[in-house]
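**Q** Coordinates in structure_12.pdb, PDB, C-alpha atoms, are listed below.
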ATOM      1  CA  MET Y   1     -89.299  25.128-216.531
ATOM      2  CA  SER Y   2     -89.751  22.274-219.021
ATOM      3  CA  ASP Y   3     -87.671  19.059-218.802
ATOM      4  CA  THR Y   4     -85.707  20.194-221.867
ATOM      5  CA  GLN Y   5     -84.912  23.555-220.259
ATOM      6  CA  ALA Y   6     -83.892  21.793-217.013
ATOM      7  CA  VAL Y   7     -81.540  19.449-218.913
ATOM      8  CA  LEU Y   8     -80.012  22.343-220.880
ATOM      9  CA  ALA Y   9     -79.502  24.279-217.625
ATOM     10  CA  ILE Y  10     -77.616  21.340-216.052
ATOM     11  CA  ASN Y  11     -75.650  20.908-219.269
ATOM     12  CA  GLN Y  12     -74.595  24.567-219.108
ATOM     13  CA  ALA Y  13     -73.736  24.186-215.407
ATOM     14  CA  PHE Y  14     -71.371  21.379-216.465
ATOM     15  CA  TYR Y  15     -69.520  23.682-218.912
ATOM     16  CA  ARG Y  16     -69.415  26.447-216.290
ATOM     17  CA  ALA Y  17     -67.857  24.086-213.705
ATOM     18  CA  PHE Y  18     -65.432  22.846-216.401
ATOM     19  CA  GLN Y  19     -64.366  26.361-217.429
ATOM     20  CA  GLN Y  20     -64.103  27.603-213.845
ATOM     21  CA  LYS Y  21     -62.167  24.468-212.797
ATOM     22  CA  ASP Y  22     -64.653  24.066-209.960
ATOM     23  CA  LEU Y  23     -64.327  20.496-208.709
ATOM     24  CA  GLN Y  24     -67.035  20.913-206.093
ATOM     25  CA  ALA Y  25     -69.573  22.184-208.624
ATOM     26  CA  MET Y  26     -68.492  19.399-211.035
ATOM     27  CA  SER Y  27     -68.998  16.775-208.313
ATOM     28  CA  LEU Y  28     -72.590  17.894-207.735
ATOM     29  CA  LEU Y  29     -73.440  17.353-211.420
ATOM     30  CA  TRP Y  30     -72.521  13.651-211.707
ATOM     31  CA  VAL Y  31     -74.149  10.395-210.637
ATOM     32  CA  GLN Y  32     -71.600   9.402-208.016
ATOM     33  CA  SER Y  33     -71.703   5.661-208.621
ATOM     34  CA  SER Y  34     -69.908   2.917-210.516
ATOM     35  CA  ASN Y  35     -72.377   3.498-213.416
ATOM     36  CA  ALA Y  36     -70.832   6.856-214.333
ATOM     37  CA  ILE Y  37     -68.623   6.822-217.435
ATOM     38  CA  CYS Y  38     -66.484   9.602-218.900
ATOM     39  CA  VAL Y  39     -64.535   9.532-222.162
ATOM     40  CA  HIS Y  40     -62.096  12.424-222.622
ATOM     41  CA  PRO Y  41     -60.954  13.178-226.200
ATOM     42  CA  GLY Y  42     -58.805  10.364-227.567
ATOM     43  CA  ARG Y  43     -58.766   8.461-224.263
ATOM     44  CA  PRO Y  44     -60.331   5.173-223.175
ATOM     45  CA  ALA Y  45     -63.435   5.173-220.950
ATOM     46  CA  LEU Y  46     -63.126   6.067-217.268
ATOM     47  CA  GLN Y  47     -65.582   3.971-215.264
ATOM     48  CA  GLY Y  48     -67.060   4.979-211.918
ATOM     49  CA  TRP Y  49     -67.192   8.322-210.185
ATOM     50  CA  GLU Y  50     -63.946   7.816-208.224
ATOM     51  CA  GLN Y  51     -61.834   7.488-211.405
ATOM     52  CA  ILE Y  52     -63.732  10.295-213.150
ATOM     53  CA  ARG Y  53     -63.269  12.658-210.196
ATOM     54  CA  LEU Y  54     -59.533  11.927-210.020
ATOM     55  CA  ILE Y  55     -59.041  12.907-213.677
ATOM     56  CA  TRP Y  56     -61.113  16.109-213.362
ATOM     57  CA  GLU Y  57     -58.917  17.005-210.401
ATOM     58  CA  GLN Y  58     -55.816  16.512-212.577
ATOM     59  CA  ILE Y  59     -57.316  18.449-215.503
ATOM     60  CA  PHE Y  60     -58.259  21.357-213.208
ATOM     61  CA  ARG Y  61     -54.660  21.553-211.955
ATOM     62  CA  THR Y  62     -53.381  22.529-215.414
ATOM     63  CA  PRO Y  63     -52.630  26.231-215.899
ATOM     64  CA  ASP Y  64     -54.365  26.363-219.311
ATOM     65  CA  PRO Y  65     -57.805  27.811-219.954
ATOM     66  CA  LEU Y  66     -60.386  25.094-220.551
ATOM     67  CA  PRO Y  67     -63.432  24.952-222.911
ATOM     68  CA  LEU Y  68     -64.188  28.139-224.776
ATOM     69  CA  GLU Y  69     -67.702  27.427-225.968
ATOM     70  CA  ASN Y  70     -70.257  24.753-226.700
ATOM     71  CA  ASP Y  71     -72.901  24.838-229.413
ATOM     72  CA  VAL Y  72     -75.834  22.537-228.770
ATOM     73  CA  ILE Y  73     -76.696  20.420-231.828
ATOM     74  CA  ALA Y  74     -79.520  18.411-230.282
ATOM     75  CA  VAL Y  75     -81.287  17.796-226.994
ATOM     76  CA  GLU Y  76     -83.660  14.915-226.360
ATOM     77  CA  VAL Y  77     -85.600  14.039-223.217
ATOM     78  CA  ASN Y  78     -87.431  10.723-222.902
ATOM     79  CA  GLY Y  79     -88.862   9.954-219.464
ATOM     80  CA  ASN Y  80     -86.040   9.978-216.914
ATOM     81  CA  MET Y  81     -83.190   9.906-219.433
ATOM     82  CA  ALA Y  82     -81.927  12.724-221.645
ATOM     83  CA  TYR Y  83     -78.992  13.564-223.851
ATOM     84  CA  VAL Y  84     -77.371  16.656-225.303
ATOM     85  CA  ILE Y  85     -75.076  16.591-228.339
ATOM     86  CA  GLN Y  86     -72.783  19.545-228.922
ATOM     87  CA  ALA Y  87     -69.792  20.909-230.741
ATOM     88  CA  GLU Y  88     -67.102  22.153-228.349
ATOM     89  CA  LYS Y  89     -64.097  24.384-228.728
ATOM     90  CA  MET Y  90     -61.398  23.791-226.167
ATOM     91  CA  VAL Y  91     -57.759  24.449-225.497
ATOM     92  CA  GLN Y  92     -55.619  21.335-225.712
ATOM     93  CA  GLN Y  93     -51.924  20.929-225.153
ATOM     94  CA  ILE Y  94     -50.492  19.643-228.423
ATOM     95  CA  GLN Y  95     -46.810  18.798-228.031
ATOM     96  CA  GLY Y  96     -46.586  21.167-225.097
ATOM     97  CA  ARG Y  97     -48.292  24.124-226.805
ATOM     98  CA  PRO Y  98     -51.864  25.257-226.123
ATOM     99  CA  MET Y  99     -53.989  25.099-229.284
ATOM    100  CA  THR Y 100     -57.709  25.558-229.849
ATOM    101  CA  ALA Y 101     -59.217  22.245-230.852
ATOM    102  CA  GLN Y 102     -62.715  21.294-231.927
ATOM    103  CA  SER Y 103     -64.441  18.367-230.354
ATOM    104  CA  ILE Y 104     -67.871  16.831-230.259
ATOM    105  CA  ALA Y 105     -69.589  15.626-227.103
ATOM    106  CA  THR Y 106     -72.470  13.421-226.105
ATOM    107  CA  ASN Y 107     -73.665  14.130-222.542
ATOM    108  CA  ILE Y 108     -76.252  11.697-221.115
ATOM    109  CA  PHE Y 109     -78.288  12.620-218.030
ATOM    110  CA  GLU Y 110     -80.552  10.639-215.719
ATOM    111  CA  ARG Y 111     -83.269  12.134-213.536
ATOM    112  CA  VAL Y 112     -82.591  11.130-209.937
ATOM    113  CA  THR Y 113     -85.634  12.103-207.859
ATOM    114  CA  THR Y 114     -86.050  15.731-209.061
ATOM    115  CA  THR Y 115     -82.515  16.450-210.312
ATOM    116  CA  TRP Y 116     -80.869  15.670-213.645
ATOM    117  CA  LEU Y 117     -77.360  14.218-213.225
ATOM    118  CA  LEU Y 118     -74.636  13.376-215.735
ATOM    119  CA  VAL Y 119     -74.234   9.625-216.035
ATOM    120  CA  HIS Y 120     -72.140   9.494-219.221
ATOM    121  CA  ARG Y 121     -69.985  11.937-221.128
ATOM    122  CA  HIS Y 122     -68.215  11.122-224.392
ATOM    123  CA  SER Y 123     -66.068  13.882-225.860
ATOM    124  CA  SER Y 124     -63.898  13.290-228.906
ATOM    125  CA  PRO Y 125     -61.687  15.258-231.251
ATOM    126  CA  ILE Y 126     -62.754  16.433-234.695
ATOM    127  CA  LEU Y 127     -59.684  15.672-236.776
ATOM    128  CA  PRO Y 128     -58.529  17.644-239.826
ATOM    129  CA  PRO Y 129     -60.182  16.346-243.001
ATOM    130  CA  PRO Y 130     -58.079  13.901-245.016
ATOM    131  CA  SER Y 131     -56.362  15.624-247.895
ATOM    132  CA  ASN Y 132     -56.182  12.836-250.470
ATOM    133  CA  GLN Y 133     -59.163  10.555-249.899
ATOM    134  CA  ALA Y 134     -62.927  10.571-249.593
ATOM    135  CA  MET Y 135     -64.017  11.039-245.974
ATOM    136  CA  PRO Y 136     -65.692   7.713-245.305
ATOM    137  CA  ASN Y 137     -62.702   5.740-246.626
ATOM    138  CA  GLN Y 138     -60.467   7.547-244.217
ATOM    139  CA  MET Y 139     -62.407   6.884-241.065
ATOM    140  CA  GLY Y 140     -64.222   3.638-241.823
ATOM    141  CA  GLY Y 141     -67.169   3.950-239.472
TER     142      GLY Y 141
ATOM    143  CA  MET F   1     -86.316 -11.341-223.082
ATOM    144  CA  SER F   2     -85.535  -8.435-220.729
ATOM    145  CA  ASP F   3     -85.241  -4.843-222.003
ATOM    146  CA  THR F   4     -81.467  -5.035-221.486
ATOM    147  CA  GLN F   5     -81.238  -8.226-223.548
ATOM    148  CA  ALA F   6     -83.399  -6.659-226.278
ATOM    149  CA  VAL F   7     -81.139  -3.572-226.431
ATOM    150  CA  LEU F   8     -77.978  -5.711-226.558
ATOM    151  CA  ALA F   9     -79.504  -7.806-229.351
ATOM    152  CA  ILE F  10     -80.228  -4.684-231.445
ATOM    153  CA  ASN F  11     -76.755  -3.374-230.642
ATOM    154  CA  GLN F  12     -75.228  -6.623-231.941
ATOM    155  CA  ALA F  13     -77.461  -6.450-235.019
ATOM    156  CA  PHE F  14     -75.944  -3.022-235.691
ATOM    157  CA  TYR F  15     -72.390  -4.446-235.643
ATOM    158  CA  ARG F  16     -73.500  -7.373-237.832
ATOM    159  CA  ALA F  17     -74.995  -5.002-240.434
ATOM    160  CA  PHE F  18     -71.831  -2.868-240.224
ATOM    161  CA  GLN F  19     -69.461  -5.819-240.709
ATOM    162  CA  GLN F  20     -71.580  -7.363-243.466
ATOM    163  CA  LYS F  21     -71.932  -3.971-245.202
ATOM    164  CA  ASP F  22     -75.675  -4.572-245.299
ATOM    165  CA  LEU F  23     -77.327  -1.217-245.970
ATOM    166  CA  GLN F  24     -80.833  -2.649-245.830
ATOM    167  CA  ALA F  25     -80.258  -4.224-242.405
ATOM    168  CA  MET F  26     -78.576  -0.988-241.234
ATOM    169  CA  SER F  27     -81.568   1.072-242.413
ATOM    170  CA  LEU F  28     -83.966  -1.023-240.323
ATOM    171  CA  LEU F  29     -81.983  -0.301-237.143
ATOM    172  CA  TRP F  30     -82.179   3.516-237.174
ATOM    173  CA  VAL F  31     -84.855   6.067-236.348
ATOM    174  CA  GLN F  32     -85.404   7.391-239.857
ATOM    175  CA  SER F  33     -86.016  11.003-238.933
ATOM    176  CA  SER F  34     -84.229  14.330-238.616
ATOM    177  CA  ASN F  35     -83.532  13.460-234.932
ATOM    178  CA  ALA F  36     -81.004  10.764-235.819
ATOM    179  CA  ILE F  37     -77.356  11.754-235.320
ATOM    180  CA  CYS F  38     -74.197   9.827-236.206
ATOM    181  CA  VAL F  39     -70.609  10.799-235.397
ATOM    182  CA  HIS F  40     -67.954   8.734-237.199
ATOM    183  CA  PRO F  41     -64.444   8.739-235.681
ATOM    184  CA  GLY F  42     -62.832  12.132-235.982
ATOM    185  CA  ARG F  43     -65.681  13.580-238.012
ATOM    186  CA  PRO F  44     -68.354  16.191-237.236
ATOM    187  CA  ALA F  45     -71.947  15.101-236.504
ATOM    188  CA  LEU F  46     -74.190  13.906-239.325
ATOM    189  CA  GLN F  47     -77.758  15.033-238.658
ATOM    190  CA  GLY F  48     -80.849  13.284-239.960
ATOM    191  CA  TRP F  49     -81.298   9.833-241.445
ATOM    192  CA  GLU F  50     -80.811  10.970-245.067
ATOM    193  CA  GLN F  51     -77.251  12.198-244.403
ATOM    194  CA  ILE F  52     -76.445   9.215-242.185
ATOM    195  CA  ARG F  53     -77.664   6.734-244.804
ATOM    196  CA  LEU F  54     -75.597   8.403-247.549
ATOM    197  CA  ILE F  55     -72.385   8.032-245.536
ATOM    198  CA  TRP F  56     -73.087   4.385-244.619
ATOM    199  CA  GLU F  57     -73.589   3.763-248.334
ATOM    200  CA  GLN F  58     -70.171   5.312-249.033
ATOM    201  CA  ILE F  59     -68.492   3.403-246.187
ATOM    202  CA  PHE F  60     -69.966   0.108-247.414
ATOM    203  CA  ARG F  61     -68.524   0.729-250.902
ATOM    204  CA  THR F  62     -64.946   0.540-249.569
ATOM    205  CA  PRO F  63     -63.138  -2.750-250.213
ATOM    206  CA  ASP F  64     -61.745  -2.957-246.652
ATOM    207  CA  PRO F  65     -63.111  -5.168-243.898
ATOM    208  CA  LEU F  66     -65.024  -3.176-241.317
ATOM    209  CA  PRO F  67     -65.309  -3.569-237.488
ATOM    210  CA  LEU F  68     -63.586  -6.614-236.075
ATOM    211  CA  GLU F  69     -65.129  -6.728-232.633
ATOM    212  CA  ASN F  70     -66.937  -4.743-229.961
ATOM    213  CA  ASP F  71     -66.619  -5.233-226.217
ATOM    214  CA  VAL F  72     -69.552  -3.863-224.238
ATOM    215  CA  ILE F  73     -68.440  -1.717-221.289
ATOM    216  CA  ALA F  74     -71.887  -0.714-220.055
ATOM    217  CA  VAL F  75     -75.556  -0.983-220.937
ATOM    218  CA  GLU F  76     -78.301   1.058-219.304
ATOM    219  CA  VAL F  77     -82.047   1.030-219.916
ATOM    220  CA  ASN F  78     -84.315   3.682-218.408
ATOM    221  CA  GLY F  79     -87.917   3.662-219.631
ATOM    222  CA  ASN F  80     -87.966   4.064-223.408
ATOM    223  CA  MET F  81     -84.343   5.186-223.748
ATOM    224  CA  ALA F  82     -81.197   3.073-223.509
ATOM    225  CA  TYR F  83     -77.499   3.299-224.239
ATOM    226  CA  VAL F  84     -74.604   0.934-224.800
ATOM    227  CA  ILE F  85     -70.956   1.982-224.388
ATOM    228  CA  GLN F  86     -68.300  -0.184-226.007
ATOM    229  CA  ALA F  87     -64.712  -0.485-227.111
ATOM    230  CA  GLU F  88     -64.417  -1.253-230.826
ATOM    231  CA  LYS F  89     -61.649  -2.528-233.022
ATOM    232  CA  MET F  90     -61.948  -1.546-236.631
ATOM    233  CA  VAL F  91     -59.966  -1.268-239.818
ATOM    234  CA  GLN F  92     -59.283   2.314-240.844
ATOM    235  CA  GLN F  93     -57.480   3.666-243.848
ATOM    236  CA  ILE F  94     -54.523   5.639-242.514
ATOM    237  CA  GLN F  95     -52.714   7.398-245.339
ATOM    238  CA  GLY F  96     -54.075   4.857-247.780
ATOM    239  CA  ARG F  97     -53.115   1.758-245.763
ATOM    240  CA  PRO F  98     -55.571  -0.340-243.774
ATOM    241  CA  MET F  99     -54.649  -0.445-240.072
ATOM    242  CA  THR F 100     -56.473  -1.810-237.056
ATOM    243  CA  ALA F 101     -57.558   1.054-234.864
ATOM    244  CA  GLN F 102     -59.264   1.156-231.485
ATOM    245  CA  SER F 103     -62.274   3.312-230.948
ATOM    246  CA  ILE F 104     -64.926   3.870-228.342
ATOM    247  CA  ALA F 105     -68.627   4.190-229.078
ATOM    248  CA  THR F 106     -71.774   5.436-227.410
ATOM    249  CA  ASN F 107     -74.919   4.030-229.043
ATOM    250  CA  ILE F 108     -78.240   5.502-227.860
ATOM    251  CA  PHE F 109     -81.523   3.706-228.585
ATOM    252  CA  GLU F 110     -85.161   4.734-228.279
ATOM    253  CA  ARG F 111     -88.078   2.338-227.961
ATOM    254  CA  VAL F 112     -90.517   3.057-230.790
ATOM    255  CA  THR F 113     -93.703   1.066-230.095
ATOM    256  CA  THR F 114     -92.138  -2.371-229.400
ATOM    257  CA  THR F 115     -88.796  -1.971-231.198
ATOM    258  CA  TRP F 116     -85.532  -0.396-230.034
ATOM    259  CA  LEU F 117     -84.012   1.865-232.700
ATOM    260  CA  LEU F 118     -80.670   3.694-232.889
ATOM    261  CA  VAL F 119     -81.193   7.430-232.536
ATOM    262  CA  HIS F 120     -77.593   8.460-231.871
ATOM    263  CA  ARG F 121     -74.190   6.912-232.433
ATOM    264  CA  HIS F 122     -70.909   8.556-231.414
ATOM    265  CA  SER F 123     -67.751   6.654-232.280
ATOM    266  CA  SER F 124     -64.321   8.151-231.724
ATOM    267  CA  PRO F 125     -60.678   7.125-231.980
ATOM    268  CA  ILE F 126     -58.560   6.125-228.998
ATOM    269  CA  LEU F 127     -55.307   7.909-229.734
ATOM    270  CA  PRO F 128     -51.831   6.674-228.742
ATOM    271  CA  PRO F 129     -50.917   7.842-225.228
ATOM    272  CA  PRO F 130     -48.746  10.947-225.081
ATOM    273  CA  SER F 131     -45.112  10.018-224.626
ATOM    274  CA  ASN F 132     -43.801  13.013-222.702
ATOM    275  CA  GLN F 133     -46.705  14.445-220.714
ATOM    276  CA  ALA F 134     -49.311  13.492-218.153
ATOM    277  CA  MET F 135     -52.547  12.381-219.828
ATOM    278  CA  PRO F 136     -54.940  15.110-218.684
ATOM    279  CA  ASN F 137     -52.592  17.880-219.790
ATOM    280  CA  GLN F 138     -52.501  16.399-223.247
ATOM    281  CA  MET F 139     -56.209  16.081-223.812
ATOM    282  CA  GLY F 140     -57.672  18.843-221.661
ATOM    283  CA  GLY F 141     -61.111  17.424-221.070
TER     284      GLY F 141
END
Starting from the file, give its structure as structure tokens.
**A**
Amino acid sequence: MSDTQAVLAINQAFYRAFQQKDLQAMSLLWVQSSNAICVHPGRPALQGWEQIRLIWEQIFRTPDPLPLENDVIAVEVNGNMAYVIQAEKMVQQIQGRPMTAQSIATNIFERVTTTWLLVHRHSSPILPPPSNQAMPNQMGG
Amino acid sequence: MSDTQAVLAINQAFYRAFQQKDLQAMSLLWVQSSNAICVHPGRPALQGWEQIRLIWEQIFRTPDPLPLENDVIAVEVNGNMAYVIQAEKMVQQIQGRPMTAQSIATNIFERVTTTWLLVHRHSSPILPPPSNQAMPNQMGG
């Protein structure tokens, strides 16, 4: 198995743990140190595995289904670091109602001995396009 | 200068080019290939330098001031890949009016011969906290 295949396999294991609300499987996929960072859509950064784990636990307690699918846009491996960029579809509670929302995610992995582990995840919402202005004016950077 | 210092210097050069609307300086900071990816807040991924450059050009044409500040949360260097995570304050046009908005950004760099270059940027809005629900319910992952 190439490095790229190994990274994609771990990336898919992350979405499987997410969808199955499997906290134990999720825990095995992360660097369990203060270096780990996780940004959930629209939220500030969670720093350190303890904080990240606590929020996964809360997310997994919700009755709603979680991510529906992820489409890999890019994967890059360079030495002992790698990243995967993907479009995600997930169910979010918007004003108390479950709605399918699109998001985009950057997952960064580090090779620790022979295993790739998530060290940073940044997921963010794709917002509806502005109706009355050019795109870059609306979202200045 | 350590690798970490070199990455932080290039990261600051990115914000300087952004704030000064300097397309030439911005162009020198990116991997100019199809591998480059840029996600502006709320928008889908732009793939490849040509697309990315076009949108910077459009952003720099706006009359508004651009990012105000960036506070580095984490920097990590591993071989020839590095990333910087930061909180940003920037001016965004919301329904035609400039407002200061908070965002969070993941900037990934690759060392190309002796220079660190941006290969991926993911910037996303921090949304107001939900008023009537627990956070993880609101933003399911």
**Q** Need the shell around Ser27 of chain F: protein/DNA/RNA residues with any atom at most 12 Å away, counting only C-alpha atoms. Skip same-chain ones fewer than 6 positions apart. Format as a list of chain:residue names?
**A**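 Listed by chain and then number, they are F:Ala13, F:Phe14, F:Ala17, F:Phe18, F:Lys21, F:Ser33, F:Ala36, F:Trp49, F:Glu50, F:Ile52, F:Arg53, F:Leu54, F:Ile55, F:Trp56, F:Glu57, F:Leu117, F:Leu118, F:Val119.
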**Q** Compile the contact shell of Met90 of chain Y as an mmCIF file with C-alpha atoms, in the coordinates of the input: residues with an atom at most 8 Å away, counting all atoms listed in the file, same-chain residues fewer than 2 positions apart removed.
**A**
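The resulting selection.cif:
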data_model
loop_
_atom_site.group_PDB
_atom_site.id
_atom_site.type_symbol
_atom_site.label_atom_id
_atom_site.label_comp_id
_atom_site.auth_asym_id
_atom_site.auth_seq_id
_atom_site.Cartn_x
_atom_site.Cartn_y
_atom_site.Cartn_z
ATOM 1 C CA LEU Y 66 -60.386 25.094 -220.551
ATOM 2 C CA PRO Y 67 -63.432 24.952 -222.911
ATOM 3 C CA LEU Y 68 -64.188 28.139 -224.776
ATOM 4 C CA GLU Y 69 -67.702 27.427 -225.968
ATOM 5 C CA GLU Y 88 -67.102 22.153 -228.349
ATOM 6 C CA GLN Y 92 -55.619 21.335 -225.712
ATOM 7 C CA THR Y 100 -57.709 25.558 -229.849
ATOM 8 C CA ALA Y 101 -59.217 22.245 -230.852
ATOM 9 C CA GLN Y 102 -62.715 21.294 -231.927
ATOM 10 C CA SER Y 103 -64.441 18.367 -230.354
ATOM 11 C CA GLY F 140 -57.672 18.843 -221.661
#
**Q** Which distance in Å separates atom CA of Leu23 of chain F and atom CA of Leu46 of chain F, to one decimal?
**A** 16.8 Å
**Q** Could you check the closest approach to Pro125 of chain Y for each of F:Ala9, F:Val39, F:Met26, F:Met1 and tell me which residue wins, using all atoms listed in the file?
**A**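 When distances to Pro125 of chain Y are compared using all atoms listed in the file, the smallest one comes from F:Val39.
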**Q** In Å to one decimal, how far is atom CA of Asn35 of chain Y from atom CA of Pro129 of chain F?
**A**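 Between atom CA of Pro129 of chain F and atom CA of Asn35 of chain Y the gap is 24.9 Å.
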**Q** Could you give me the centre and size, in Å to one decimal, of an axis-aligned box around all listed atoms of segment 63-67 of chain F with 6 Å added on every side, as AutoDock Vina command-line options?
**A**
--center_x -63.5 --center_y -4.0 --center_z -243.9 --size_x 15.6 --size_y 14.4 --size_z 24.7
**Q** Could you make a table, as a tab-separated table, of the residues of segment 27-68 of chain F that have an atom within 10 Å of an atom of segment 105-109 of chain F, each with its nearest atom pair and distance in Å to one decimal, counting all atoms listed in the file, in chain and number order?
**A**
residue	atom	partner	partner_atom	distance
F:Leu29	CA	F:Phe109	CA	9.5
F:Trp30	CA	F:Phe109	CA	8.6
F:Val31	CA	F:Phe109	CA	8.8
F:Ala36	CA	F:Ile108	CA	9.9
F:Ile37	CA	F:Ile108	CA	9.8
F:Cys38	CA	F:Asn107	CA	9.2
F:Val39	CA	F:Ala105	CA	9.4
F:His40	CA	F:Ala105	CA	9.3
F:Pro41	CA	F:Ala105	CA	9.0
**Q** When you count all atoms listed in the file, which of these residues is closest to Tyr83 of chain Y: F:Ala6, F:His120, F:Asn11, F:Asp22?
**A** F:His120
**Q** Rounded to one decimal place, report the atom CA of Phe60 of chain Y-atom CA of Val112 of chain Y distance in Å.
**A**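 Separating atom CA of Phe60 of chain Y from atom CA of Val112 of chain Y is a distance of 26.6 Å.
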**Q** Of the candidates F:Val77, F:Ala45, F:Ile126, F:Met99, which shows the shortest atom-to-atom distance to chain Y, using only C-alpha atoms?
**A**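 Of the candidates, the smallest distance to chain Y is held by F:Ile126.
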**Q** Between Y:Leu127, Y:Val84, Y:Gln32, Y:Arg111, which one has atoms that come closest to Gln47 of chain Y, using all atoms listed in the file?
**A** Y:Gln32
